[in-house]
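The structure appears right after this line, and notes come after that.
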Amino acid sequence: MTTVVIFFIAGVLLIAAEVILPGGIIGLIGGLLLVGGVATAYSEFGVQGGFIAAAVALVLVLIALYLEFKILPKTKMGQRLFLKKSIQASNQYSKGEDEMIGMECETITALAPTGFVRLDGTKIEASARSGFIEKNERVEVTGRDNFRIIVSKI
């Protein structure tokens with residue numbers, strides 16, 4: 001009986017520690033300890049003891065998850081652990097890709113191969129297709145890759 005209780009306590013503590021130490025490994029070990037506790041209960045107490053141990057393990061996991069995701073975020077420590085804001089991606093330039101291709105701009109920084117260019121008065125991150133381009137060079141927009149434009153020397 002002591003072995004089952006130790007497995008359950010260690011398993012629930014490791015699952016709870018997963019909030020602070022994310023990555024999945026600690027939670028997986030905690031889950032395996034719970035399964036080990038249930039298996040030990042089956043071997044020591046038979047089928048009925050195993051079912052009771054499985055039910056207790058399930059209830060312990062549900063209580064731990066409830067405390068982690070409903071109660072912990074409201075505490076002072078939880079407010080430091082959980083994100084409250086989301087980051088919105090935005091493009092720095094309002095023109096569409098087709099309108100930009102072929103436009104000329106000037107490098108603000110050296111592109112080695114990434115840096116910044118000024119296009120219609122807007123500072124935009126750019127990547128040089130040909131490698132290194134000096135500062136204050138005239139370049140042409142040849143495409144766009146996610147949130148930066150691709151340029152090449154004129």
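Chain labels follow the order of the structure tokens: the first chain is A, the next B, and so on; residue numbering restarts at 1 in every chain, and ligands are counted from 1 in their shown order.
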DSSP helix (DSSP H, G or I) residues within region 92-138 of chain A, as a list in words: Glu97, Asp98, Glu99 and Met100 of chain A
Spatial neighbours of region 138-153 of chain A, 7 Å, only C-alpha atoms, chain gap at least 5 places, as number ranges by chain: A: 91, 97, 100-107, 124-130
Near Phe7 (chain A), counting only C-alpha atoms, which residues have an atom at most 9 Å away, once you skip same-chain residues fewer than 3 positions from it, shown as a tab-separated table (two decimals) with C-alpha atoms, in the first residue's frame?
chain	number	residue	atom	x	y	z
A	2	THR	CA	2.84	2.36	0.80
A	3	THR	CA	4.37	1.83	-2.63
A	4	VAL	CA	1.09	2.76	-4.34
A	10	ALA	CA	5.27	11.46	-6.83
A	11	GLY	CA	3.21	11.17	-10.04
A	12	VAL	CA	0.83	13.99	-9.14
A	30	GLY	CA	4.52	11.54	-13.56
A	33	LEU	CA	4.40	6.75	-12.01
A	34	LEU	CA	0.61	6.87	-11.74
A	35	VAL	CA	0.32	3.92	-14.11
A	36	GLY	CA	2.97	2.12	-12.04
A	37	GLY	CA	0.95	2.79	-8.91
A	38	VAL	CA	-2.17	1.36	-10.51
Given only C-alpha atoms as the counted atoms, nearest of A:Gly23, A:Gly78, A:Pro73, A:Gly31 to Ala57 (chain A):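 Looking at the shortest contact to Ala57 (chain A), the residue is A:Gly31.
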